[in-house]
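final35.txt, holding compact mmCIF, C-alpha atoms and all ligand atoms:
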# COMPACT_ATOMS: atom_id res chain seq x y z
CA MET A 1 13.12 -11.02 -17.10
CA VAL A 2 13.41 -9.40 -20.53
CA SER A 3 10.38 -7.11 -20.18
CA LEU A 4 11.94 -5.51 -17.08
CA LYS A 5 15.02 -4.64 -19.10
CA ILE A 6 12.71 -3.05 -21.67
CA LEU A 7 10.98 -1.14 -18.87
CA GLU A 8 14.35 0.21 -17.76
CA LEU A 9 15.07 1.33 -21.30
CA LEU A 10 11.67 3.01 -21.68
CA SER A 11 11.70 4.58 -18.22
CA ASP A 12 13.16 7.79 -19.71
CA GLY A 13 9.82 8.60 -21.40
CA LYS A 14 11.42 8.82 -24.87
CA PHE A 15 10.65 6.85 -28.02
CA HIS A 16 12.72 3.71 -28.59
CA SER A 17 12.35 1.78 -31.81
CA GLY A 18 11.68 -1.96 -31.87
CA GLN A 19 15.00 -2.36 -33.65
CA GLU A 20 16.94 -0.44 -31.00
CA ILE A 21 15.29 -2.38 -28.16
CA GLY A 22 15.86 -5.66 -30.00
CA SER A 23 19.54 -4.98 -30.57
CA GLN A 24 20.12 -3.83 -26.95
CA LEU A 25 18.56 -7.03 -25.66
CA SER A 26 19.73 -9.31 -28.49
CA ILE A 27 16.20 -10.38 -29.42
CA SER A 28 14.15 -10.11 -32.63
CA ARG A 29 11.61 -7.34 -33.28
CA ALA A 30 8.83 -9.93 -33.05
CA ALA A 31 10.16 -10.94 -29.63
CA VAL A 32 10.20 -7.25 -28.62
CA TRP A 33 6.53 -6.97 -29.60
CA LYS A 34 5.72 -10.04 -27.49
CA GLN A 35 7.55 -8.57 -24.50
CA MET A 36 5.69 -5.29 -24.93
CA GLN A 37 2.39 -7.18 -24.65
CA LYS A 38 3.72 -8.72 -21.40
CA LEU A 39 4.52 -5.25 -20.12
CA ARG A 40 0.99 -4.11 -20.94
CA SER A 41 -0.52 -7.03 -19.08
CA SER A 42 1.66 -6.18 -16.05
CA GLY A 43 -0.06 -2.79 -15.95
CA VAL A 44 2.29 -0.56 -17.95
CA ASP A 45 0.70 1.97 -20.34
CA PHE A 46 2.74 2.85 -23.43
CA SER A 47 2.18 4.15 -26.92
CA ALA A 48 3.44 2.51 -30.11
CA VAL A 49 3.90 4.83 -33.10
CA ARG A 50 4.92 3.58 -36.53
CA GLY A 51 8.32 4.96 -37.45
CA LEU A 52 9.09 6.11 -33.89
CA GLY A 53 8.70 3.01 -31.74
CA TYR A 54 7.49 2.58 -28.19
CA ARG A 55 7.21 5.20 -25.48
CA ILE A 56 5.98 5.38 -21.89
CA GLU A 57 4.48 8.83 -21.67
CA SER A 58 6.19 10.83 -18.90
CA GLY A 59 8.43 7.84 -18.15
CA ILE A 60 8.59 5.71 -15.04
CA GLU A 61 10.52 6.28 -11.85
CA LEU A 62 12.04 2.93 -10.98
CA LEU A 63 12.65 2.15 -7.33
CA SER A 64 16.12 2.56 -5.86
CA THR A 65 17.24 1.51 -2.37
CA GLU A 66 19.56 4.50 -2.25
CA LYS A 67 16.79 7.00 -2.99
CA ILE A 68 14.34 5.33 -0.62
CA THR A 69 16.77 5.19 2.31
CA PHE A 70 17.82 8.80 1.70
CA CYS A 71 14.49 9.73 3.37
CA PHE A 72 15.16 7.60 6.45
CA SER A 73 15.87 9.13 9.85
CA PRO A 74 18.91 7.67 11.68
CA ILE A 75 16.60 5.50 13.78
CA THR A 76 14.79 4.12 10.72
CA GLN A 77 18.17 3.47 9.11
CA ARG A 78 19.25 1.49 12.13
CA ILE A 79 16.03 -0.53 12.40
CA CYS A 80 15.53 -1.17 8.67
CA SER A 81 19.06 -2.28 7.95
CA THR A 82 17.92 -5.28 5.87
CA ILE A 83 16.14 -4.15 2.73
CA ASN A 84 15.17 -6.56 -0.02
CA LEU A 85 14.26 -4.55 -3.11
CA LEU A 86 12.79 -7.12 -5.50
CA LYS A 87 11.87 -6.56 -9.12
CA VAL A 88 9.11 -9.17 -9.19
CA VAL A 89 7.49 -11.10 -6.37
CA ASP A 90 4.18 -12.89 -5.85
CA SER A 91 3.30 -10.78 -2.80
CA THR A 92 5.67 -8.92 -0.48
CA ASN A 93 3.63 -10.20 2.50
CA THR A 94 3.94 -13.80 1.33
CA TYR A 95 7.66 -13.33 0.68
CA ALA A 96 8.12 -11.73 4.11
CA ARG A 97 6.34 -14.71 5.68
CA ARG A 98 8.82 -17.06 3.96
CA LYS A 99 11.69 -14.89 5.21
CA VAL A 100 10.35 -14.99 8.78
CA GLU A 101 10.26 -18.79 8.56
CA GLU A 102 13.95 -18.57 7.61
CA SER A 103 14.42 -16.27 10.66
CA ALA A 104 14.24 -12.76 9.18
CA SER A 105 14.92 -10.17 11.85
CA ASN A 106 12.82 -7.33 13.21
CA GLY A 107 12.68 -4.41 10.78
CA THR A 108 13.31 -6.47 7.63
CA LEU A 109 11.78 -4.62 4.73
CA ILE A 110 10.60 -6.22 1.49
CA ILE A 111 9.86 -3.77 -1.33
CA ALA A 112 8.76 -4.79 -4.84
CA GLU A 113 8.65 -3.11 -8.21
CA TYR A 114 5.84 -5.51 -9.19
CA GLN A 115 3.61 -8.02 -7.38
CA SER A 116 2.14 -10.75 -9.56
CA SER A 117 -0.32 -11.93 -6.84
CA GLY A 118 -0.68 -8.99 -4.45
CA ARG A 119 -3.12 -9.71 -1.66
CA GLY A 120 -5.72 -7.44 -0.06
CA ARG A 121 -7.88 -7.85 3.03
CA ARG A 122 -10.56 -10.52 3.24
CA GLY A 123 -8.95 -12.73 0.60
CA LYS A 124 -9.25 -10.11 -2.15
CA SER A 125 -6.47 -9.54 -4.64
CA TRP A 126 -4.49 -6.27 -4.73
CA PHE A 127 -3.41 -4.82 -8.05
CA SER A 128 0.20 -3.54 -8.07
CA PRO A 129 1.08 -2.55 -11.64
CA LEU A 130 4.71 -2.76 -12.70
CA GLY A 131 6.42 0.54 -11.91
CA GLY A 132 3.08 2.11 -10.93
CA SER A 133 2.61 1.15 -7.31
CA ILE A 134 4.33 1.25 -3.98
CA ALA A 135 4.18 -2.18 -2.36
CA PHE A 136 6.18 -3.19 0.66
CA SER A 137 6.05 -5.28 3.81
CA LEU A 138 7.74 -4.75 7.14
CA VAL A 139 8.53 -7.54 9.63
CA TRP A 140 7.98 -6.59 13.27
CA ASP A 141 8.32 -8.70 16.43
CA PHE A 142 6.03 -8.15 19.40
CA GLU A 143 6.64 -9.63 22.80
CA ARG A 144 3.24 -9.65 24.50
CA GLY A 145 -0.06 -11.29 23.44
CA THR A 146 -2.10 -10.17 20.45
CA GLN A 147 -4.42 -8.01 22.55
CA VAL A 148 -1.62 -5.42 22.50
CA LEU A 149 -2.34 -5.12 18.79
CA ASP A 150 -5.72 -3.42 19.20
CA GLY A 151 -5.56 -0.37 17.00
CA LEU A 152 -2.27 -1.24 15.23
CA SER A 153 -3.84 -1.20 11.78
CA LEU A 154 -5.35 2.23 12.48
CA ALA A 155 -2.00 3.56 13.75
CA VAL A 156 -0.38 2.31 10.53
CA ALA A 157 -3.01 4.13 8.46
CA VAL A 158 -2.28 7.33 10.40
CA ALA A 159 1.45 6.83 9.64
CA VAL A 160 0.75 6.59 5.88
CA GLN A 161 -1.45 9.67 6.09
CA ARG A 162 1.32 11.56 7.89
CA ALA A 163 3.75 10.71 5.07
CA PHE A 164 1.35 12.17 2.51
CA THR A 165 0.91 15.30 4.60
CA GLU A 166 4.68 15.63 5.07
CA LEU A 167 5.03 15.73 1.28
CA GLY A 168 2.33 18.37 0.87
CA CYS A 169 -0.36 15.93 -0.31
CA SER A 170 -3.44 17.03 1.59
CA GLY A 171 -6.97 15.66 1.61
CA VAL A 172 -6.17 12.03 2.44
CA GLN A 173 -8.86 10.60 4.70
CA LEU A 174 -9.02 7.48 6.83
CA LYS A 175 -11.70 4.81 6.60
CA TRP A 176 -11.93 2.38 9.51
CA PRO A 177 -10.11 0.11 10.00
CA ASN A 178 -7.24 1.03 7.65
CA ASP A 179 -8.11 2.33 4.21
CA LEU A 180 -6.82 5.65 2.87
CA LEU A 181 -9.15 7.59 0.62
CA ILE A 182 -9.28 10.79 -1.37
CA LYS A 183 -12.85 12.05 -1.80
CA GLY A 184 -14.16 8.53 -1.21
CA LYS A 185 -11.74 6.90 -3.65
CA LYS A 186 -9.15 4.44 -2.36
CA ILE A 187 -5.51 5.44 -2.74
CA ALA A 188 -3.85 2.99 -0.33
CA GLY A 189 -4.55 -0.13 1.69
CA ILE A 190 -2.95 -2.05 4.54
CA LEU A 191 -2.76 -5.78 5.17
CA ILE A 192 -1.50 -6.89 8.57
CA GLU A 193 -0.81 -10.57 9.14
CA MET A 194 0.39 -12.37 12.23
CA MET A 195 2.69 -15.33 12.75
CA GLY A 196 3.64 -17.12 15.95
CA ASP A 197 2.07 -17.49 19.37
CA PRO A 198 -0.93 -15.15 19.88
CA LEU A 199 -0.42 -15.36 23.65
CA GLY A 200 3.32 -14.82 23.71
CA GLU A 201 5.97 -13.79 21.21
CA PHE A 202 4.73 -13.23 17.72
CA THR A 203 5.66 -11.51 14.51
CA VAL A 204 3.54 -9.17 12.48
CA ILE A 205 3.89 -8.54 8.78
CA ILE A 206 2.67 -5.08 7.88
CA GLY A 207 1.96 -4.77 4.16
CA ILE A 208 1.26 -1.38 2.59
CA GLY A 209 0.09 -0.80 -0.96
CA ILE A 210 -0.23 2.66 -2.52
CA ASN A 211 -1.67 3.35 -5.96
CA TYR A 212 1.02 5.52 -7.51
CA LYS A 213 0.23 5.57 -11.22
CA LEU A 214 -2.46 3.15 -12.33
CA PRO A 215 -2.88 2.17 -15.98
CA HIS A 216 -5.90 3.48 -17.91
CA ARG A 217 -7.64 0.13 -17.76
CA SER A 218 -7.53 0.00 -13.93
CA ASP A 219 -11.34 0.33 -13.84
CA GLU A 220 -11.58 -3.12 -15.41
CA ILE A 221 -9.33 -4.58 -12.73
CA ILE A 222 -10.19 -2.80 -9.47
CA ASP A 223 -13.76 -3.35 -8.27
CA GLN A 224 -14.09 -0.27 -6.06
CA PRO A 225 -13.74 3.50 -6.49
CA HIS A 226 -10.00 4.24 -6.62
CA THR A 227 -7.48 6.91 -7.51
CA ASP A 228 -3.70 7.28 -7.64
CA VAL A 229 -0.98 9.68 -6.52
CA VAL A 230 -0.12 11.00 -9.98
CA SER A 231 -3.75 11.90 -10.76
CA GLU A 232 -4.25 13.63 -7.43
CA TRP A 233 -0.95 15.52 -7.29
CA PRO A 234 0.45 15.64 -10.84
CA GLN A 235 4.28 15.77 -10.87
CA ALA A 236 4.38 16.57 -7.18
CA VAL A 237 5.66 13.42 -5.54
CA SER A 238 8.57 11.12 -6.31
CA ARG A 239 7.75 7.40 -6.00
CA ASN A 240 11.02 6.72 -4.14
CA VAL A 241 10.57 9.67 -1.79
CA LEU A 242 6.98 8.69 -0.99
CA CYS A 243 8.05 5.11 -0.31
CA GLY A 244 10.91 6.28 1.93
CA CYS A 245 8.71 8.74 3.85
CA VAL A 246 6.01 6.12 4.42
CA VAL A 247 8.57 3.65 5.82
CA ASN A 248 10.02 6.38 8.01
CA GLN A 249 6.63 7.44 9.39
CA LEU A 250 5.71 3.79 9.87
CA ILE A 251 8.75 3.08 12.04
CA GLY A 252 8.07 6.19 14.16
CA ALA A 253 4.42 5.17 14.54
CA ILE A 254 5.19 1.57 15.56
CA LEU A 255 7.74 2.67 18.15
CA SER A 256 5.15 5.02 19.65
CA PHE A 257 2.43 2.34 19.38
CA GLU A 258 4.61 -0.16 21.27
CA ARG A 259 4.92 2.26 24.18
CA GLN A 260 1.45 3.79 24.31
CA GLY A 261 -0.91 1.88 22.01
CA PHE A 262 -3.40 3.68 19.73
CA SER A 263 -4.42 6.39 22.17
CA PRO A 264 -1.93 9.10 20.99
CA PHE A 265 -3.15 8.57 17.40
CA SER A 266 -6.86 8.79 18.11
CA GLU A 267 -7.22 12.59 17.84
CA GLU A 268 -5.41 12.61 14.50
CA TRP A 269 -7.59 9.76 13.28
CA LEU A 270 -10.76 11.67 14.21
CA GLN A 271 -9.56 14.81 12.43
CA ASN A 272 -9.19 12.83 9.21
CA ASP A 273 -11.99 10.29 9.66
CA ALA A 274 -13.83 9.76 6.35
CA LEU A 275 -16.85 8.12 7.98
CA ILE A 276 -18.07 10.30 10.85
CA GLY A 277 -21.81 10.89 10.60
CA GLN A 278 -22.35 8.30 7.89
CA GLU A 279 -24.87 5.48 8.17
CA CYS A 280 -23.35 2.06 7.83
CA ALA A 281 -23.71 -1.64 8.49
CA ILE A 282 -21.05 -3.71 10.15
CA ASN A 283 -20.96 -7.42 9.60
CA THR A 284 -19.18 -9.24 12.42
CA ALA A 285 -18.75 -13.00 12.11
CA THR A 286 -22.09 -13.52 13.88
CA GLU A 287 -24.34 -10.48 13.36
CA ILE A 288 -25.02 -7.40 11.28
CA HIS A 289 -25.36 -4.09 13.13
CA PHE A 290 -26.64 -0.84 11.65
CA GLY A 291 -25.91 2.64 12.93
CA ARG A 292 -24.28 5.99 12.39
CA VAL A 293 -20.49 6.31 12.72
CA LEU A 294 -19.46 8.37 15.75
CA GLY A 295 -15.70 7.91 15.35
CA VAL A 296 -13.22 5.58 17.04
CA THR A 297 -12.35 4.85 20.66
CA LYS A 298 -8.92 5.40 22.23
CA ARG A 299 -8.20 1.73 21.46
CA GLY A 300 -9.22 2.01 17.81
CA ALA A 301 -12.66 0.37 18.01
CA LEU A 302 -15.36 1.73 15.71
CA ARG A 303 -18.08 3.67 17.56
CA LEU A 304 -21.58 3.23 16.12
CA SER A 305 -24.71 4.89 17.45
CA SER A 306 -27.50 2.46 18.23
CA PHE A 307 -31.22 3.08 17.66
CA ASP A 308 -31.95 3.34 21.39
CA GLY A 309 -29.64 6.37 21.64
CA GLY A 310 -26.68 4.41 23.03
CA GLU A 311 -23.55 3.28 21.22
CA ASN A 312 -21.75 0.05 20.35
CA HIS A 313 -18.05 -0.55 19.78
CA PHE A 314 -16.55 -2.94 17.23
CA VAL A 315 -12.96 -4.11 17.03
CA GLY A 316 -13.46 -6.07 13.80
CA GLY A 317 -15.96 -6.71 11.05
CA GLU A 318 -16.73 -5.77 7.48
CA LEU A 319 -18.11 -2.28 7.13
CA THR A 320 -20.48 -1.20 4.36
CA LEU A 321 -21.62 2.38 3.97
CA ARG A 322 -25.30 2.89 3.33
CA SER A 323 -24.36 5.29 0.50
CA ASP A 324 -22.39 2.48 -1.22
CA ALA A 325 -24.97 -0.27 -0.68
C1 LIG B 1 -6.49 -3.85 1.26
O1 LIG B 1 -6.83 -2.68 1.26
O2 LIG B 1 -7.27 -4.75 0.93
C2 LIG B 1 -5.09 -4.19 1.66
C3 LIG B 1 -4.12 -4.02 0.55
C4 LIG B 1 -2.70 -4.33 0.96
C5 LIG B 1 -1.76 -4.40 -0.21
C6 LIG B 1 -0.33 -4.54 0.20
S1 LIG B 1 0.78 -4.32 -1.13
C7 LIG B 1 2.12 -4.87 -0.16
C8 LIG B 1 1.59 -6.03 0.64
N1 LIG B 1 1.70 -7.26 -0.12
C9 LIG B 1 0.51 -7.77 -0.42
O3 LIG B 1 0.33 -8.80 -1.07
N2 LIG B 1 -0.45 -7.00 0.10
C10 LIG B 1 0.08 -5.87 0.82

Have the structure of the file written as structure tokens, please.
Amino acid sequence: MVSLKILELLSDGKFHSGQEIGSQLSISRAAVWKQMQKLRSSGVDFSAVRGLGYRIESGIELLSTEKITFCFSPITQRICSTINLLKVVDSTNTYARRKVEESASNGTLIIAEYQSSGRGRRGKSWFSPLGGSIAFSLVWDFERGTQVLDGLSLAVAVAVQRAFTELGCSGVQLKWPNDLLIKGKKIAGILIEMMGDPLGEFTVIIGIGINYKLPHRSDEIIDQPHTDVVSEWPQAVSRNVLCGCVVNQLIGAILSFERQGFSPFSEEWLQNDALIGQECAINTATEIHFGRVLGVTKRGALRLSSFDGGENHFVGGELTLRSDA
């Protein structure tokens, strides 16, 4: 893909003329211009100055397997021994699913520089701009029925939050069941999908997307309040290091979750819960319930106060905050 080669060239944050890019890639200046438009539509911001050329302000840190795995503990290194670092993919979750069908093993990791059809929860799309997001999926085999999965998505959210904290990025909060927010704005999301026999052996694909550096026009693309790592912690966090730390925390969290479920994560969740005390509605497949958020149970269910002074627990459903409605 020509535009990826141009991205590599411009990743240094310096000006490169159309002529220079054209001669490096053996294409005409008009073709360079066309490729630059492709880059823009893949979510890359750049400036074009007559006489100087094209420049990505402050450059782009491209992903590198070496730099990502540098952050791995020995146990993560052993478990995630198969890493597919792709430049472009439709969705890392969809790709992982195809790999599982071809018998990908436990711990296979699919990381992408760019997703052309990233997927979010509830059939929504997920925007992963080229060079500006962290998007990966992990394949994990479980041996007992799906009920053992209660709370997995919350444990994964805690793992991502731990990685931020480890890197000195404070203020990340958790929104049930698995969103990560900064002051109410989404910075990361999790999509967990299951394959196989829900009563026996099955495989889970854990997809994590983090907004690293969104383009200026992200408001036109993302339909909810959002933010990114570079805006929240300017120059503080390397994209490769963050990716590596998240994978590392994720492996530690899953190993603990396999042994003890969500319970050991529940205190940490409550300390960082973005919703406690807020009025909300939860839409299960059959009913809508209203109440005030009390927190989560030891199994990761949402606790809502009911009007008669009692409380109800929900393991699934679409949550809407009254303040957002
Ligand atoms: C959500 O909050 O709606 C979930 C977003 C999950 C996005 C990640 S990015 C890596 C993986 N591949 C996908 O297509 N989706 C997940």

Counting only C-alpha atoms and all ligand atoms, give me one row per residue of chain A with an atom at most 8 Å from an atom of ligand LIG 1 (chain B), showing the shortest contact pair and its distance in Å to one decimal, sorted by chain then residue number, as a Markdown table.
| residue | atom | partner | partner_atom | distance |
| --- | --- | --- | --- | --- |
| A:Asp90 | CA | B:LIG1 | O3 | 7.4 |
| A:Ser91 | CA | B:LIG1 | O3 | 4.0 |
| A:Thr92 | CA | B:LIG1 | N1 | 4.3 |
| A:Asn93 | CA | B:LIG1 | N1 | 4.4 |
| A:Thr94 | CA | B:LIG1 | O3 | 6.6 |
| A:Ile111 | CA | B:LIG1 | C7 | 7.9 |
| A:Gln115 | CA | B:LIG1 | O3 | 7.2 |
| A:Ser117 | CA | B:LIG1 | O3 | 6.6 |
| A:Gly118 | CA | B:LIG1 | O3 | 3.5 |
| A:Arg119 | CA | B:LIG1 | O3 | 3.6 |
| A:Gly120 | CA | B:LIG1 | O2 | 3.3 |
| A:Arg121 | CA | B:LIG1 | O2 | 3.8 |
| A:Arg122 | CA | B:LIG1 | O2 | 7.0 |
| A:Lys124 | CA | B:LIG1 | O2 | 6.5 |
| A:Ser125 | CA | B:LIG1 | O2 | 7.4 |
| A:Trp126 | CA | B:LIG1 | C5 | 5.6 |
| A:Ser128 | CA | B:LIG1 | S1 | 7.0 |
| A:Ile134 | CA | B:LIG1 | S1 | 7.2 |
| A:Ala135 | CA | B:LIG1 | C7 | 4.0 |
| A:Phe136 | CA | B:LIG1 | C7 | 4.5 |
| A:Ser137 | CA | B:LIG1 | C8 | 5.5 |
| A:Asn178 | CA | B:LIG1 | O1 | 7.4 |
| A:Asp179 | CA | B:LIG1 | O1 | 6.0 |
| A:Ala188 | CA | B:LIG1 | O1 | 6.6 |
| A:Gly189 | CA | B:LIG1 | O1 | 3.4 |
| A:Ile190 | CA | B:LIG1 | C2 | 4.2 |
| A:Leu191 | CA | B:LIG1 | C4 | 4.5 |
| A:Ile192 | CA | B:LIG1 | C10 | 8.0 |
| A:Ile206 | CA | B:LIG1 | C8 | 7.4 |
| A:Gly207 | CA | B:LIG1 | C8 | 3.8 |
| A:Ile208 | CA | B:LIG1 | C6 | 4.3 |
| A:Gly209 | CA | B:LIG1 | S1 | 3.6 |
| A:Ile210 | CA | B:LIG1 | S1 | 7.2 |

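For the residues A:Ile79, A:Val160, A:Leu4, A:Ala48, ranking by smallest atom-to-atom distance to Ala253 (chain A) using all atoms listed in the file places A:Val160 first.
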
Exercise. Between CA of Leu181 (chain A) and CA of Thr286 (chain A), measure the distance and give it in Å to one decimal.
Key: 28.1 Å

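Compared by their closest atoms to Gly310 (chain A), and using all atoms listed in the file, the residues A:Leu167, A:Leu294, A:Leu270, A:Val49 rank with A:Leu294 nearest.
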
List as a short mmCIF file (atom, residue, chain, number, x, y, z; two decimals) with C-alpha atoms, in the frame of the given file the protein and nucleic acid residues near Val247 (chain A), meaning an atom at most 12 Å away when all atoms listed in the file are counted, but skip any in the same chain fewer than 3 places from it.
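The result, written out as result29.cif:
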data_model
loop_
_atom_site.label_atom_id
_atom_site.label_comp_id
_atom_site.auth_asym_id
_atom_site.auth_seq_id
_atom_site.Cartn_x
_atom_site.Cartn_y
_atom_site.Cartn_z
CA ILE A 68 14.34 5.33 -0.62
CA THR A 69 16.77 5.19 2.31
CA PHE A 70 17.82 8.80 1.70
CA CYS A 71 14.49 9.73 3.37
CA PHE A 72 15.16 7.60 6.45
CA SER A 73 15.87 9.13 9.85
CA ILE A 75 16.60 5.50 13.78
CA THR A 76 14.79 4.12 10.72
CA GLN A 77 18.17 3.47 9.11
CA ILE A 79 16.03 -0.53 12.40
CA CYS A 80 15.53 -1.17 8.67
CA ILE A 83 16.14 -4.15 2.73
CA GLY A 107 12.68 -4.41 10.78
CA THR A 108 13.31 -6.47 7.63
CA LEU A 109 11.78 -4.62 4.73
CA ILE A 110 10.60 -6.22 1.49
CA ILE A 111 9.86 -3.77 -1.33
CA ILE A 134 4.33 1.25 -3.98
CA ALA A 135 4.18 -2.18 -2.36
CA PHE A 136 6.18 -3.19 0.66
CA SER A 137 6.05 -5.28 3.81
CA LEU A 138 7.74 -4.75 7.14
CA VAL A 139 8.53 -7.54 9.63
CA VAL A 156 -0.38 2.31 10.53
CA ALA A 157 -3.01 4.13 8.46
CA ALA A 159 1.45 6.83 9.64
CA VAL A 160 0.75 6.59 5.88
CA GLN A 161 -1.45 9.67 6.09
CA ARG A 162 1.32 11.56 7.89
CA ALA A 163 3.75 10.71 5.07
CA PHE A 164 1.35 12.17 2.51
CA ILE A 206 2.67 -5.08 7.88
CA GLY A 207 1.96 -4.77 4.16
CA ILE A 208 1.26 -1.38 2.59
CA GLY A 209 0.09 -0.80 -0.96
CA ASN A 240 11.02 6.72 -4.14
CA VAL A 241 10.57 9.67 -1.79
CA LEU A 242 6.98 8.69 -0.99
CA CYS A 243 8.05 5.11 -0.31
CA GLY A 244 10.91 6.28 1.93
CA LEU A 250 5.71 3.79 9.87
CA ILE A 251 8.75 3.08 12.04
CA GLY A 252 8.07 6.19 14.16
CA ALA A 253 4.42 5.17 14.54
CA ILE A 254 5.19 1.57 15.56
#

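Taking CA of Leu321 (chain A) and CA of Ala301 (chain A) as the two end points, the separation is 16.8 Å.
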
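The residue that comes closest to Gly132 (chain A), out of A:Lys183, A:Lys87, A:Lys213, A:Arg239 and on the basis of only C-alpha atoms, is A:Lys213.
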
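Relative to CA of Ala112 (chain A), CA of Lys99 (chain A) is found at 14.5 Å.
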
Quiz prompt | Long-range neighbours of region 17-25 of chain A as an MDAnalysis selection string, 12 Å cut-off, only C-alpha atoms, 6 positions minimum in chain | solution = chainID A and resid 1:10 31:36 47:55

Practice problem: For a cut-off of 7 Å around (-12.4, -4.8, 13.9), file coordinates, pick out all residues using all atoms listed in the file and list them as a ChimeraX atom specification. | Solution: /A:177,301,314-317

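Proximity ranking of A:Ser103, A:Gln260, A:Thr297, A:Ser218 relative to Met195 (chain A) places A:Ser103 first, based on all atoms listed in the file.
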
Within 9 Å of Pro129 (chain A) using all atoms listed in the file, minus same-chain residues under 3 positions, as a compact mmCIF listing (two decimals) with C-alpha atoms, keeping the file's coordinate frame:
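Result went into around.txt, see below:
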# COMPACT_ATOMS: atom_id res chain seq x y z
CA SER A 41 -0.52 -7.03 -19.08
CA SER A 42 1.66 -6.18 -16.05
CA GLY A 43 -0.06 -2.79 -15.95
CA VAL A 44 2.29 -0.56 -17.95
CA GLU A 113 8.65 -3.11 -8.21
CA TYR A 114 5.84 -5.51 -9.19
CA GLN A 115 3.61 -8.02 -7.38
CA SER A 116 2.14 -10.75 -9.56
CA GLY A 132 3.08 2.11 -10.93
CA SER A 133 2.61 1.15 -7.31
CA ASN A 211 -1.67 3.35 -5.96
CA LYS A 213 0.23 5.57 -11.22
CA LEU A 214 -2.46 3.15 -12.33
CA PRO A 215 -2.88 2.17 -15.98

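Of the residues listed (A:Asp273, A:Glu232, A:Glu101, A:Glu258), A:Asp273 shows the shortest atom-to-atom separation from Arg303 (chain A); distances use all atoms listed in the file.
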
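Proximity to Ser231 (chain A) was assessed for A:Val204, A:Pro264, A:Asp308, A:Lys185 counting only C-alpha atoms; the smallest distance is recorded for A:Lys185.
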
Self-check item: Polymer residues at most 8 Å from Ile276 (chain A), all atoms listed in the file, same-chain spacing of 2 or more positions, as a list of chain:residue names
Solution: A:Asp273, A:Ala274, A:Gln278, A:Arg292, A:Val293, A:Leu294, A:Gly295

Put the listed atoms of region 63-80 of chain A in a box along x, y and z with 3 Å added on every side and give me the centre and edge lengths in Å to one decimal, as JSON.
{"center_x": 16.1, "center_y": 4.3, "center_z": 3.2, "size_x": 12.9, "size_y": 16.9, "size_z": 27.1}

Using the atoms already present, construct N, CA, C and O atoms for region 64-73 of chain A and hand them back as an mmCIF file, in the frame of the given file.
data_model
loop_
_atom_site.group_PDB
_atom_site.id
_atom_site.type_symbol
_atom_site.label_atom_id
_atom_site.label_comp_id
_atom_site.auth_asym_id
_atom_site.auth_seq_id
_atom_site.Cartn_x
_atom_site.Cartn_y
_atom_site.Cartn_z
ATOM 1 N N SER A 64 14.688 2.670 -6.149
ATOM 2 C CA SER A 64 16.120 2.560 -5.860
ATOM 3 C C SER A 64 16.299 2.577 -4.338
ATOM 4 O O SER A 64 15.771 3.467 -3.653
ATOM 5 N N THR A 65 17.032 1.594 -3.829
ATOM 6 C CA THR A 65 17.240 1.510 -2.370
ATOM 7 C C THR A 65 17.893 2.797 -1.864
ATOM 8 O O THR A 65 17.529 3.329 -0.814
ATOM 9 N N GLU A 66 18.837 3.295 -2.664
ATOM 10 C CA GLU A 66 19.560 4.500 -2.250
ATOM 11 C C GLU A 66 18.605 5.688 -2.067
ATOM 12 O O GLU A 66 18.664 6.408 -1.067
ATOM 13 N N LYS A 67 17.709 5.856 -3.064
ATOM 14 C CA LYS A 67 16.790 7.000 -2.990
ATOM 15 C C LYS A 67 15.762 6.814 -1.880
ATOM 16 O O LYS A 67 15.334 7.779 -1.254
ATOM 17 N N ILE A 68 15.339 5.578 -1.672
ATOM 18 C CA ILE A 68 14.340 5.330 -0.620
ATOM 19 C C ILE A 68 14.963 5.601 0.752
ATOM 20 O O ILE A 68 14.406 6.320 1.582
ATOM 21 N N THR A 69 16.171 5.060 0.975
ATOM 22 C CA THR A 69 16.770 5.190 2.310
ATOM 23 C C THR A 69 17.271 6.608 2.595
ATOM 24 O O THR A 69 17.490 6.976 3.738
ATOM 25 N N PHE A 70 17.416 7.403 1.537
ATOM 26 C CA PHE A 70 17.820 8.800 1.700
ATOM 27 C C PHE A 70 16.815 9.535 2.606
ATOM 28 O O PHE A 70 17.151 10.484 3.300
ATOM 29 N N CYS A 71 15.550 9.066 2.582
ATOM 30 C CA CYS A 71 14.490 9.730 3.370
ATOM 31 C C CYS A 71 14.431 9.200 4.792
ATOM 32 O O CYS A 71 13.615 9.661 5.583
ATOM 33 N N PHE A 72 15.254 8.218 5.134
ATOM 34 C CA PHE A 72 15.160 7.600 6.450
ATOM 35 C C PHE A 72 15.835 8.467 7.523
ATOM 36 O O PHE A 72 16.906 9.022 7.288
ATOM 37 N N SER A 73 15.211 8.502 8.693
ATOM 38 C CA SER A 73 15.870 9.130 9.850
ATOM 39 C C SER A 73 16.940 8.144 10.338
ATOM 40 O O SER A 73 16.903 6.959 9.985
#
